[in-house]
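The structure file query.cif is reproduced below (mmCIF, C-alpha atoms).
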```cif
data_query
#
loop_
_atom_site.group_PDB
_atom_site.id
_atom_site.type_symbol
_atom_site.label_atom_id
_atom_site.label_comp_id
_atom_site.auth_asym_id
_atom_site.auth_seq_id
_atom_site.Cartn_x
_atom_site.Cartn_y
_atom_site.Cartn_z
ATOM 1 C CA MET F 449 -12.210 10.241 0.968
ATOM 2 C CA SER F 450 -14.646 7.331 1.378
ATOM 3 C CA THR F 451 -13.850 3.849 2.630
ATOM 4 C CA LEU F 452 -13.891 1.312 -0.187
ATOM 5 C CA LEU F 453 -13.042 -1.921 1.643
ATOM 6 C CA GLU F 454 -13.274 -2.608 5.360
ATOM 7 C CA ILE F 455 -12.256 -5.770 7.197
ATOM 8 C CA LYS F 456 -13.187 -6.393 10.808
ATOM 9 C CA GLY F 457 -12.022 -9.218 13.065
ATOM 10 C CA LEU F 458 -11.132 -11.617 10.248
ATOM 11 C CA ASP F 459 -10.133 -15.170 11.228
ATOM 12 C CA VAL F 460 -8.994 -17.681 8.615
ATOM 13 C CA TYR F 461 -7.808 -21.253 9.160
ATOM 14 C CA TYR F 462 -5.872 -23.775 7.110
ATOM 15 C CA GLY F 463 -6.809 -27.018 8.815
ATOM 16 C CA GLY F 464 -5.648 -26.480 12.391
ATOM 17 C CA ILE F 465 -3.458 -23.504 11.524
ATOM 18 C CA HIS F 466 -4.843 -20.095 12.479
ATOM 19 C CA ALA F 467 -3.557 -18.300 9.353
ATOM 20 C CA LEU F 468 -5.196 -14.904 9.977
ATOM 21 C CA GLN F 469 -6.038 -13.792 13.496
ATOM 22 C CA ASN F 470 -8.523 -11.000 14.218
ATOM 23 C CA VAL F 471 -7.364 -8.950 11.212
ATOM 24 C CA SER F 472 -8.934 -5.504 10.817
ATOM 25 C CA MET F 473 -8.003 -2.968 8.149
ATOM 26 C CA HIS F 474 -9.486 -0.564 5.620
ATOM 27 C CA ILE F 475 -8.758 0.810 2.161
ATOM 28 C CA ASP F 476 -9.987 4.210 1.006
ATOM 29 C CA ASP F 477 -10.921 5.155 -2.541
ATOM 30 C CA GLY F 478 -7.874 6.095 -4.625
ATOM 31 C CA GLU F 479 -5.220 4.715 -2.286
ATOM 32 C CA ILE F 480 -2.316 2.402 -2.903
ATOM 33 C CA ILE F 481 -2.087 0.196 0.180
ATOM 34 C CA SER F 482 0.746 -2.261 0.767
ATOM 35 C CA ILE F 483 0.883 -5.226 3.096
ATOM 36 C CA ILE F 484 4.378 -6.317 4.046
ATOM 37 C CA GLY F 485 5.659 -9.202 6.112
ATOM 38 C CA ALA F 486 7.887 -12.253 6.061
ATOM 39 C CA ASN F 487 7.135 -15.418 4.110
ATOM 40 C CA GLY F 488 4.332 -17.316 5.802
ATOM 41 C CA ALA F 489 2.933 -14.233 7.525
ATOM 42 C CA GLY F 490 -0.461 -14.697 5.840
ATOM 43 C CA LYS F 491 -0.232 -11.997 3.167
ATOM 44 C CA SER F 492 -1.402 -14.134 0.250
ATOM 45 C CA THR F 493 -4.068 -15.745 2.432
ATOM 46 C CA LEU F 494 -5.488 -12.292 3.124
ATOM 47 C CA LEU F 495 -5.678 -11.460 -0.574
ATOM 48 C CA ARG F 496 -7.225 -14.825 -1.429
ATOM 49 C CA THR F 497 -9.845 -14.297 1.267
ATOM 50 C CA ILE F 498 -10.727 -10.850 -0.072
ATOM 51 C CA ALA F 499 -10.924 -12.318 -3.591
ATOM 52 C CA GLY F 500 -13.351 -15.029 -2.471
ATOM 53 C CA ASP F 501 -10.905 -17.890 -3.019
ATOM 54 C CA LYS F 502 -10.611 -18.712 0.693
ATOM 55 C CA GLU F 503 -13.385 -19.001 3.270
ATOM 56 C CA PHE F 504 -13.103 -17.202 6.595
ATOM 57 C CA LYS F 505 -14.323 -18.563 9.920
ATOM 58 C CA SER F 506 -15.351 -15.289 11.548
ATOM 59 C CA GLY F 507 -15.277 -11.546 10.988
ATOM 60 C CA GLN F 508 -16.626 -9.518 8.107
ATOM 61 C CA ILE F 509 -15.494 -7.950 4.847
ATOM 62 C CA SER F 510 -17.450 -4.975 3.533
ATOM 63 C CA PHE F 511 -17.102 -3.409 0.111
ATOM 64 C CA ARG F 512 -18.755 -0.025 -0.329
ATOM 65 C CA ASP F 513 -20.612 -0.621 2.962
ATOM 66 C CA GLU F 514 -22.092 -3.916 1.775
ATOM 67 C CA PRO F 515 -21.039 -7.459 2.764
ATOM 68 C CA LEU F 516 -18.636 -8.865 0.194
ATOM 69 C CA PRO F 517 -19.737 -12.129 -1.462
ATOM 70 C CA ASN F 518 -17.715 -15.234 -0.630
ATOM 71 C CA THR F 519 -17.183 -16.613 -4.138
ATOM 72 C CA SER F 520 -14.520 -15.381 -6.533
ATOM 73 C CA HIS F 521 -16.888 -14.875 -9.479
ATOM 74 C CA ALA F 522 -19.249 -12.759 -7.372
ATOM 75 C CA VAL F 523 -16.341 -10.752 -5.948
ATOM 76 C CA VAL F 524 -15.118 -9.896 -9.459
ATOM 77 C CA SER F 525 -18.653 -8.877 -10.375
ATOM 78 C CA LYS F 526 -18.673 -6.484 -7.413
ATOM 79 C CA GLY F 527 -15.497 -4.775 -8.657
ATOM 80 C CA ILE F 528 -12.462 -6.540 -7.179
ATOM 81 C CA SER F 529 -9.841 -8.159 -9.421
ATOM 82 C CA LEU F 530 -6.873 -10.219 -8.254
ATOM 83 C CA VAL F 531 -3.536 -10.503 -10.032
ATOM 84 C CA PRO F 532 -2.504 -13.827 -8.460
ATOM 85 C CA GLU F 533 0.927 -14.854 -7.301
ATOM 86 C CA GLY F 534 2.697 -16.657 -10.131
ATOM 87 C CA ARG F 535 0.535 -14.860 -12.745
ATOM 88 C CA ARG F 536 -1.601 -17.903 -13.701
ATOM 89 C CA ILE F 537 -2.266 -16.819 -17.243
ATOM 90 C CA PHE F 538 -3.666 -19.329 -19.715
ATOM 91 C CA PRO F 539 -0.514 -20.460 -21.582
ATOM 92 C CA ASN F 540 -2.388 -22.107 -24.449
ATOM 93 C CA LEU F 541 -4.379 -18.964 -25.244
ATOM 94 C CA THR F 542 -3.079 -15.936 -27.110
ATOM 95 C CA VAL F 543 -2.487 -12.585 -25.471
ATOM 96 C CA ARG F 544 -5.720 -11.323 -27.027
ATOM 97 C CA GLU F 545 -7.692 -14.306 -25.749
ATOM 98 C CA ASN F 546 -6.300 -13.930 -22.219
ATOM 99 C CA LEU F 547 -7.323 -10.282 -22.145
ATOM 100 C CA ASN F 548 -10.781 -11.168 -23.413
ATOM 101 C CA VAL F 549 -11.136 -13.695 -20.590
ATOM 102 C CA GLY F 550 -10.702 -10.810 -18.171
ATOM 103 C CA ALA F 551 -13.793 -9.125 -19.574
ATOM 104 C CA HIS F 552 -16.035 -12.191 -19.664
ATOM 105 C CA ILE F 553 -18.227 -11.128 -16.713
ATOM 106 C CA ARG F 554 -18.932 -7.655 -18.066
ATOM 107 C CA LYS F 555 -22.356 -6.761 -19.324
ATOM 108 C CA ASP F 556 -21.612 -3.304 -20.713
ATOM 109 C CA GLY F 557 -21.292 -2.688 -24.428
ATOM 110 C CA LYS F 558 -18.643 -4.068 -26.764
ATOM 111 C CA GLU F 559 -17.443 -0.545 -27.540
ATOM 112 C CA THR F 560 -16.594 0.134 -23.887
ATOM 113 C CA ILE F 561 -14.809 -3.195 -23.576
ATOM 114 C CA GLN F 562 -12.839 -2.431 -26.741
ATOM 115 C CA GLU F 563 -11.828 0.946 -25.299
ATOM 116 C CA ASP F 564 -10.505 -0.768 -22.184
ATOM 117 C CA PHE F 565 -8.711 -3.329 -24.347
ATOM 118 C CA GLU F 566 -6.936 -0.509 -26.187
ATOM 119 C CA ASP F 567 -6.128 1.215 -22.872
ATOM 120 C CA VAL F 568 -4.397 -1.956 -21.640
ATOM 121 C CA LEU F 569 -2.319 -2.111 -24.810
ATOM 122 C CA ARG F 570 -1.331 1.538 -24.399
ATOM 123 C CA LEU F 571 -0.312 0.823 -20.825
ATOM 124 C CA PHE F 572 1.706 -2.246 -21.879
ATOM 125 C CA PRO F 573 2.847 -1.690 -25.497
ATOM 126 C CA ARG F 574 4.723 -4.991 -25.536
ATOM 127 C CA LEU F 575 1.423 -6.842 -25.281
ATOM 128 C CA SER F 576 0.299 -5.079 -28.440
ATOM 129 C CA GLU F 577 3.403 -6.377 -30.227
ATOM 130 C CA ARG F 578 2.579 -9.935 -29.110
ATOM 131 C CA ILE F 579 -1.198 -9.763 -29.338
ATOM 132 C CA ASN F 580 -1.585 -13.011 -31.323
ATOM 133 C CA GLN F 581 1.282 -14.851 -29.633
ATOM 134 C CA MET F 582 0.624 -17.832 -27.380
ATOM 135 C CA SER F 583 0.911 -16.533 -23.840
ATOM 136 C CA GLY F 584 3.015 -19.444 -22.645
ATOM 137 C CA THR F 585 5.837 -18.275 -24.917
ATOM 138 C CA LEU F 586 6.056 -14.801 -23.336
ATOM 139 C CA SER F 587 8.855 -13.801 -20.990
ATOM 140 C CA GLY F 588 8.133 -13.682 -17.270
ATOM 141 C CA GLY F 589 7.827 -9.909 -17.332
ATOM 142 C CA GLU F 590 5.442 -9.985 -20.286
ATOM 143 C CA GLN F 591 3.334 -12.627 -18.569
ATOM 144 C CA GLN F 592 3.072 -10.403 -15.500
ATOM 145 C CA MET F 593 1.992 -7.487 -17.678
ATOM 146 C CA LEU F 594 -0.608 -9.763 -19.233
ATOM 147 C CA ALA F 595 -1.859 -10.854 -15.800
ATOM 148 C CA VAL F 596 -2.279 -7.213 -14.786
ATOM 149 C CA GLY F 597 -3.937 -6.360 -18.095
ATOM 150 C CA ARG F 598 -6.338 -9.293 -17.780
ATOM 151 C CA ALA F 599 -7.351 -8.109 -14.289
ATOM 152 C CA LEU F 600 -7.870 -4.561 -15.577
ATOM 153 C CA MET F 601 -10.181 -5.836 -18.324
ATOM 154 C CA ALA F 602 -12.753 -6.563 -15.617
ATOM 155 C CA ARG F 603 -12.728 -2.798 -14.912
ATOM 156 C CA PRO F 604 -12.124 -3.252 -11.187
ATOM 157 C CA THR F 605 -12.727 -0.643 -8.526
ATOM 158 C CA LEU F 606 -10.077 -2.390 -6.415
ATOM 159 C CA LEU F 607 -7.064 -4.066 -8.014
ATOM 160 C CA CYS F 608 -5.332 -6.605 -5.745
ATOM 161 C CA MET F 609 -1.798 -7.703 -6.616
ATOM 162 C CA ASP F 610 -0.112 -10.704 -5.008
ATOM 163 C CA GLU F 611 3.709 -10.576 -5.149
ATOM 164 C CA PRO F 612 3.912 -8.708 -8.484
ATOM 165 C CA SER F 613 7.736 -8.587 -8.448
ATOM 166 C CA LEU F 614 8.182 -12.343 -7.908
ATOM 167 C CA GLY F 615 10.719 -13.867 -10.284
ATOM 168 C CA LEU F 616 11.235 -10.753 -12.392
ATOM 169 C CA ALA F 617 14.452 -8.986 -13.402
ATOM 170 C CA PRO F 618 15.100 -5.662 -11.617
ATOM 171 C CA ILE F 619 14.578 -3.565 -14.765
ATOM 172 C CA ILE F 620 11.193 -5.228 -15.363
ATOM 173 C CA ILE F 621 10.217 -4.749 -11.720
ATOM 174 C CA ASP F 622 10.950 -1.025 -11.980
ATOM 175 C CA GLU F 623 8.869 -0.770 -15.148
ATOM 176 C CA LEU F 624 5.977 -2.679 -13.598
ATOM 177 C CA PHE F 625 5.886 -0.557 -10.460
ATOM 178 C CA ASP F 626 6.038 2.601 -12.574
ATOM 179 C CA LYS F 627 2.888 1.335 -14.291
ATOM 180 C CA ILE F 628 1.264 0.699 -10.902
ATOM 181 C CA VAL F 629 1.896 4.297 -9.877
ATOM 182 C CA GLN F 630 0.668 5.493 -13.277
ATOM 183 C CA LEU F 631 -2.585 3.555 -12.871
ATOM 184 C CA ASN F 632 -3.159 5.181 -9.508
ATOM 185 C CA GLU F 633 -2.152 8.743 -10.377
ATOM 186 C CA LYS F 634 -3.665 9.019 -13.848
ATOM 187 C CA ARG F 635 -6.717 6.783 -13.527
ATOM 188 C CA GLY F 636 -7.407 6.943 -9.810
ATOM 189 C CA GLN F 637 -7.141 3.161 -9.546
ATOM 190 C CA THR F 638 -7.308 1.873 -5.969
ATOM 191 C CA ILE F 639 -4.645 -0.802 -5.489
ATOM 192 C CA LEU F 640 -3.807 -3.297 -2.739
ATOM 193 C CA ILE F 641 -0.329 -4.798 -3.015
ATOM 194 C CA VAL F 642 1.044 -7.782 -1.140
ATOM 195 C CA GLU F 643 4.773 -7.794 -1.740
ATOM 196 C CA GLN F 644 7.782 -9.606 -0.314
ATOM 197 C CA ASN F 645 10.024 -6.737 -1.432
ATOM 198 C CA ALA F 646 9.006 -4.368 1.346
ATOM 199 C CA PHE F 647 11.158 -1.524 0.066
ATOM 200 C CA LEU F 648 9.316 -1.474 -3.273
ATOM 201 C CA ALA F 649 5.942 -1.865 -1.614
ATOM 202 C CA LEU F 650 6.503 1.079 0.703
ATOM 203 C CA GLU F 651 7.939 3.289 -2.029
ATOM 204 C CA VAL F 652 4.699 3.270 -4.027
ATOM 205 C CA ALA F 653 2.108 3.072 -1.237
ATOM 206 C CA LYS F 654 0.328 5.775 0.699
ATOM 207 C CA ARG F 655 -0.318 3.612 3.747
ATOM 208 C CA ALA F 656 0.854 0.159 4.727
ATOM 209 C CA TYR F 657 0.173 -2.639 7.163
ATOM 210 C CA ILE F 658 2.676 -5.061 8.664
ATOM 211 C CA LEU F 659 1.453 -8.642 8.949
ATOM 212 C CA LYS F 660 3.313 -10.997 11.276
ATOM 213 C CA THR F 661 2.338 -14.639 11.837
ATOM 214 C CA GLY F 662 -1.244 -13.926 10.881
ATOM 215 C CA GLN F 663 -1.685 -10.724 12.877
ATOM 216 C CA LEU F 664 -1.619 -7.116 11.721
ATOM 217 C CA ILE F 665 0.842 -5.584 14.134
ATOM 218 C CA ARG F 666 1.120 -2.080 12.731
ATOM 219 C CA GLU F 667 -0.514 0.443 10.407
ATOM 220 C CA ASP F 668 1.158 3.700 9.379
ATOM 221 C CA THR F 669 1.976 5.873 6.418
ATOM 222 C CA ALA F 670 4.348 4.147 4.033
ATOM 223 C CA GLU F 671 6.835 6.988 4.460
ATOM 224 C CA ASN F 672 6.952 6.563 8.240
ATOM 225 C CA LEU F 673 7.466 2.817 7.931
ATOM 226 C CA LEU F 674 10.118 3.267 5.261
ATOM 227 C CA HIS F 675 12.198 5.449 7.617
ATOM 228 C CA ASP F 676 11.510 3.556 10.840
ATOM 229 C CA PRO F 677 14.765 1.954 12.109
ATOM 230 C CA THR F 678 12.954 -1.105 13.485
ATOM 231 C CA VAL F 679 11.137 -1.709 10.204
ATOM 232 C CA GLN F 680 14.342 -1.151 8.263
ATOM 233 C CA GLN F 681 16.184 -3.732 10.326
ATOM 234 C CA GLU F 682 13.473 -6.396 10.214
ATOM 235 C CA TYR F 683 12.002 -5.973 6.742
ATOM 236 C CA LEU F 684 14.172 -3.674 4.613
ATOM 237 C CA GLY F 685 17.739 -4.670 5.346
ATOM 238 C CA ALA F 686 18.519 -6.543 2.125
ATOM 239 C CA GLU F 687 16.601 -4.098 -0.076
ATOM 240 C CA LEU F 688 18.307 -1.036 1.420
ATOM 241 C CA GLU F 689 21.701 -2.655 0.992
ATOM 242 C CA LYS F 690 20.948 -3.278 -2.691
ATOM 243 C CA GLU F 691 19.968 0.367 -3.081
ATOM 244 C CA ARG F 692 23.218 1.538 -1.496
ATOM 245 C CA ARG F 693 25.242 -0.677 -3.817
ATOM 246 C CA ALA F 694 23.369 0.667 -6.830
ATOM 247 C CA ILE F 695 24.207 4.300 -6.040
#
```
Using C-alpha cells, write down the structure from this file.
Amino acid sequence: MSTLLEIKGLDVYYGGIHALQNVSMHIDDGEIISIIGANGAGKSTLLRTIAGDKEFKSGQISFRDEPLPNTSHAVVSKGISLVPEGRRIFPNLTVRENLNVGAHIRKDGKETIQEDFEDVLRLFPRLSERINQMSGTLSGGEQQMLAVGRALMARPTLLCMDEPSLGLAPIIIDELFDKIVQLNEKRGQTILIVEQNAFLALEVAKRAYILKTGQLIREDTAENLLHDPTVQQEYLGAELEKERRAI
C-alpha cells in the first residue's frame, strides 16, 4: 500500500496562537483515517491547511511524493476535495447546479462528468428526487449529502470531511456514515475524517490519530483506540453511554 499524503513537522498559527505544533502523519491509498480530539484541538485547522485554505509557517505536506500546493483551487486540481464543516452549499443554486460546481475544474470529457453525476445520484437517491430544488430549502441531512456529492464531483483521490455528523439527526448520521464506508469499500475512496463524535469516527476508520491542543499525541488502529480504557474515558464516554441506552 503506497503513501498518498504525508505531513512532516507542520506548524500553523492563528495570530499568536500556535494552533498546530510539529504535526506529522500519513495517509495510505484506500484508507479511512479519522482524527479525533476535543473542541479547539486543531482538527479543523489541520483539514483547512491540507485543503490550502490556511497557510502553515513550517513543515511540509506531500501528496503522491510531491509538495502540495498552498492554494485551495490548486489542491482540488491535484485530487483533494474538502467537505467543509457546516456544509457551505450554495443555497440559491439548485441541487443540480451545486453538483455541477463541484466539477468546474475538471478537464475530462462531458460524458465522464455525466457518469460521475449519475453515480452521485445513485449514492444519494434523495438528491435525485430534489435535483431542481433550491438547495437552501433542503433539510440538514440532504444538504450534507449534497456537500459530499459536490466534493465527489471533483473526482478526488482524497476526500476530506470536516465534522460530517454536525447538527444531524441520529438516523441521518447512520445513513451518512454507511455511505462513507460504501465509498471506501466499493470504490476504494481514500477518506480523512475529522469528527467530534469519536465513537463514530473510530467505528469506520482503519487508523486514527488523537489531536490534543494542537499536537498529535497518539496514532493507532481505530480498533485499539476504540477499546482503550483511557481513550474511552476521555473521548468516548458520552457516545458509549448512548450506545448502551440504545441496546
Which region 467-529 of chain F residues have any atom within 9 Å of an atom of region 538-554 of chain F, and for each, what is the nearest pair of atoms with distance in Å to one decimal, counting all atoms listed in the file, rows sorted by chain and number, as a Markdown table?
```
| residue | atom | partner | partner_atom | distance |
| --- | --- | --- | --- | --- |
| F:His521 | CA | F:Ile553 | CA | 8.3 |
| F:Val524 | CA | F:Ile553 | CA | 8.0 |
| F:Ser525 | CA | F:Ile553 | CA | 6.7 |
```
Based on the selection just made, write C-alpha atoms of those residues as a CSV table (one decimal), in the frame of the given file.
```csv
chain,number,residue,atom,x,y,z
F,521,HIS,CA,-16.9,-14.9,-9.5
F,524,VAL,CA,-15.1,-9.9,-9.5
F,525,SER,CA,-18.7,-8.9,-10.4
```
Could you list, as an mmCIF file with C-alpha atoms, in the coordinates of the input, every residue within 12 Å of Leu569 (chain F), counting only C-alpha atoms and ignoring same-chain residues fewer than 4 positions away?
```
data_model
loop_
_atom_site.group_PDB
_atom_site.id
_atom_site.type_symbol
_atom_site.label_atom_id
_atom_site.label_comp_id
_atom_site.auth_asym_id
_atom_site.auth_seq_id
_atom_site.Cartn_x
_atom_site.Cartn_y
_atom_site.Cartn_z
ATOM 1 C CA VAL F 543 -2.487 -12.585 -25.471
ATOM 2 C CA ARG F 544 -5.720 -11.323 -27.027
ATOM 3 C CA LEU F 547 -7.323 -10.282 -22.145
ATOM 4 C CA GLN F 562 -12.839 -2.431 -26.741
ATOM 5 C CA GLU F 563 -11.828 0.946 -25.299
ATOM 6 C CA ASP F 564 -10.505 -0.768 -22.184
ATOM 7 C CA PHE F 565 -8.711 -3.329 -24.347
ATOM 8 C CA PRO F 573 2.847 -1.690 -25.497
ATOM 9 C CA ARG F 574 4.723 -4.991 -25.536
ATOM 10 C CA LEU F 575 1.423 -6.842 -25.281
ATOM 11 C CA SER F 576 0.299 -5.079 -28.440
ATOM 12 C CA GLU F 577 3.403 -6.377 -30.227
ATOM 13 C CA ARG F 578 2.579 -9.935 -29.110
ATOM 14 C CA ILE F 579 -1.198 -9.763 -29.338
ATOM 15 C CA GLU F 590 5.442 -9.985 -20.286
ATOM 16 C CA MET F 593 1.992 -7.487 -17.678
ATOM 17 C CA LEU F 594 -0.608 -9.763 -19.233
ATOM 18 C CA VAL F 596 -2.279 -7.213 -14.786
ATOM 19 C CA GLY F 597 -3.937 -6.360 -18.095
ATOM 20 C CA ARG F 598 -6.338 -9.293 -17.780
ATOM 21 C CA LEU F 600 -7.870 -4.561 -15.577
ATOM 22 C CA MET F 601 -10.181 -5.836 -18.324
#
```
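Every residue that the PyMOL selection byres ((chain F and resi 477) around 7) selects in this file is listed here: Met449, Ser450, Thr451, Leu452, Ile475, Asp476, Gly478, Glu479 and Thr638 of chain F.
Minimum atom-to-atom distances from F:Ile484, F:Ala646, F:Lys456, F:Lys634 to Leu659 (chain F) were compared using all atoms listed in the file, and the lowest value belongs to F:Ile484.
With CA of Ala499 (chain F) on one side and CA of Pro604 (chain F) on the other, the separation reads 11.9 Å.
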I'd like to see the residues matched by the PyMOL selection byres ((chain F and resi 611) around 10) on this file, and ideally I'd get them as a ChimeraX atom specification.
/F:491-492,531-535,608-610,612-615,641-645,649
Pairwise distance, CA of Asp668 (chain F) with CA of Asn470 (chain F), equals 18.3 Å
Resolved residues for the PyMOL selection byres ((chain F and resi 507) around 10) as a PDB file with C-alpha atoms, in the frame of the given file:
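The resulting file, expr_5.pdb, is reproduced below:
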```
ATOM      1  CA  ILE F 455     -12.256  -5.770   7.197  1.00  0.00           C
ATOM      2  CA  LYS F 456     -13.187  -6.393  10.808  1.00  0.00           C
ATOM      3  CA  GLY F 457     -12.022  -9.218  13.065  1.00  0.00           C
ATOM      4  CA  LEU F 458     -11.132 -11.617  10.248  1.00  0.00           C
ATOM      5  CA  ASP F 459     -10.133 -15.170  11.228  1.00  0.00           C
ATOM      6  CA  VAL F 460      -8.994 -17.681   8.615  1.00  0.00           C
ATOM      7  CA  GLN F 469      -6.038 -13.792  13.496  1.00  0.00           C
ATOM      8  CA  ASN F 470      -8.523 -11.000  14.218  1.00  0.00           C
ATOM      9  CA  VAL F 471      -7.364  -8.950  11.212  1.00  0.00           C
ATOM     10  CA  SER F 472      -8.934  -5.504  10.817  1.00  0.00           C
ATOM     11  CA  PHE F 504     -13.103 -17.202   6.595  1.00  0.00           C
ATOM     12  CA  LYS F 505     -14.323 -18.563   9.920  1.00  0.00           C
ATOM     13  CA  SER F 506     -15.351 -15.289  11.548  1.00  0.00           C
ATOM     14  CA  GLN F 508     -16.626  -9.518   8.107  1.00  0.00           C
ATOM     15  CA  ILE F 509     -15.494  -7.950   4.847  1.00  0.00           C
TER      16      ILE F 509
END
```
Long-range neighbours of Lys502 (chain F) as a ChimeraX atom specification, 12 Å cut-off, all atoms listed in the file, 3 positions minimum in chain
/F:458-462,467-468,492-499,505,517-520,523
Can you find the residues with an atom no farther than 12 Å from (10.0, -0.9, 7.5), counting all atoms listed in the file, and report them as an mmCIF file with C-alpha atoms, keeping the file's coordinate frame?
```cif
data_model
loop_
_atom_site.group_PDB
_atom_site.id
_atom_site.type_symbol
_atom_site.label_atom_id
_atom_site.label_comp_id
_atom_site.auth_asym_id
_atom_site.auth_seq_id
_atom_site.Cartn_x
_atom_site.Cartn_y
_atom_site.Cartn_z
ATOM 1 C CA SER F 482 0.746 -2.261 0.767
ATOM 2 C CA ILE F 483 0.883 -5.226 3.096
ATOM 3 C CA ILE F 484 4.378 -6.317 4.046
ATOM 4 C CA GLY F 485 5.659 -9.202 6.112
ATOM 5 C CA ALA F 486 7.887 -12.253 6.061
ATOM 6 C CA GLN F 644 7.782 -9.606 -0.314
ATOM 7 C CA ASN F 645 10.024 -6.737 -1.432
ATOM 8 C CA ALA F 646 9.006 -4.368 1.346
ATOM 9 C CA PHE F 647 11.158 -1.524 0.066
ATOM 10 C CA LEU F 648 9.316 -1.474 -3.273
ATOM 11 C CA ALA F 649 5.942 -1.865 -1.614
ATOM 12 C CA LEU F 650 6.503 1.079 0.703
ATOM 13 C CA GLU F 651 7.939 3.289 -2.029
ATOM 14 C CA ARG F 655 -0.318 3.612 3.747
ATOM 15 C CA ALA F 656 0.854 0.159 4.727
ATOM 16 C CA TYR F 657 0.173 -2.639 7.163
ATOM 17 C CA ILE F 658 2.676 -5.061 8.664
ATOM 18 C CA LEU F 659 1.453 -8.642 8.949
ATOM 19 C CA ARG F 666 1.120 -2.080 12.731
ATOM 20 C CA GLU F 667 -0.514 0.443 10.407
ATOM 21 C CA ASP F 668 1.158 3.700 9.379
ATOM 22 C CA THR F 669 1.976 5.873 6.418
ATOM 23 C CA ALA F 670 4.348 4.147 4.033
ATOM 24 C CA GLU F 671 6.835 6.988 4.460
ATOM 25 C CA ASN F 672 6.952 6.563 8.240
ATOM 26 C CA LEU F 673 7.466 2.817 7.931
ATOM 27 C CA LEU F 674 10.118 3.267 5.261
ATOM 28 C CA HIS F 675 12.198 5.449 7.617
ATOM 29 C CA ASP F 676 11.510 3.556 10.840
ATOM 30 C CA PRO F 677 14.765 1.954 12.109
ATOM 31 C CA THR F 678 12.954 -1.105 13.485
ATOM 32 C CA VAL F 679 11.137 -1.709 10.204
ATOM 33 C CA GLN F 680 14.342 -1.151 8.263
ATOM 34 C CA GLN F 681 16.184 -3.732 10.326
ATOM 35 C CA GLU F 682 13.473 -6.396 10.214
ATOM 36 C CA TYR F 683 12.002 -5.973 6.742
ATOM 37 C CA LEU F 684 14.172 -3.674 4.613
ATOM 38 C CA GLY F 685 17.739 -4.670 5.346
ATOM 39 C CA ALA F 686 18.519 -6.543 2.125
ATOM 40 C CA GLU F 687 16.601 -4.098 -0.076
ATOM 41 C CA LEU F 688 18.307 -1.036 1.420
#
```
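Here CA of Glu503 (chain F) is placed at a distance of 23.7 Å from CA of Ala595 (chain F).
Shortest separation to His466 (chain F) among F:Ile628, F:Gly662, F:Glu454, F:Ile639 occurs at residue F:Gly662, atoms counted being all atoms listed in the file.
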Around all listed atoms of region 630-636 of chain F, padded 6 Å per side, what centre and edge lengths does the axis-aligned box have in Å to one decimal, as AutoDock Vina command-line options?
```
--center_x -3.4 --center_y 6.3 --center_z -11.7 --size_x 20.1 --size_y 17.5 --size_z 16.3
```
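You can rank F:Leu516, F:Met473, F:Ile537, F:Ala522 by their closest distance to Ile665 (chain F) using only C-alpha atoms, and at the top of that list sits F:Met473.
If only C-alpha atoms are the atoms counted, then among F:Glu566, F:Ser587, F:Leu640, F:Ile621 the closest residue to Leu453 (chain F) is F:Leu640.
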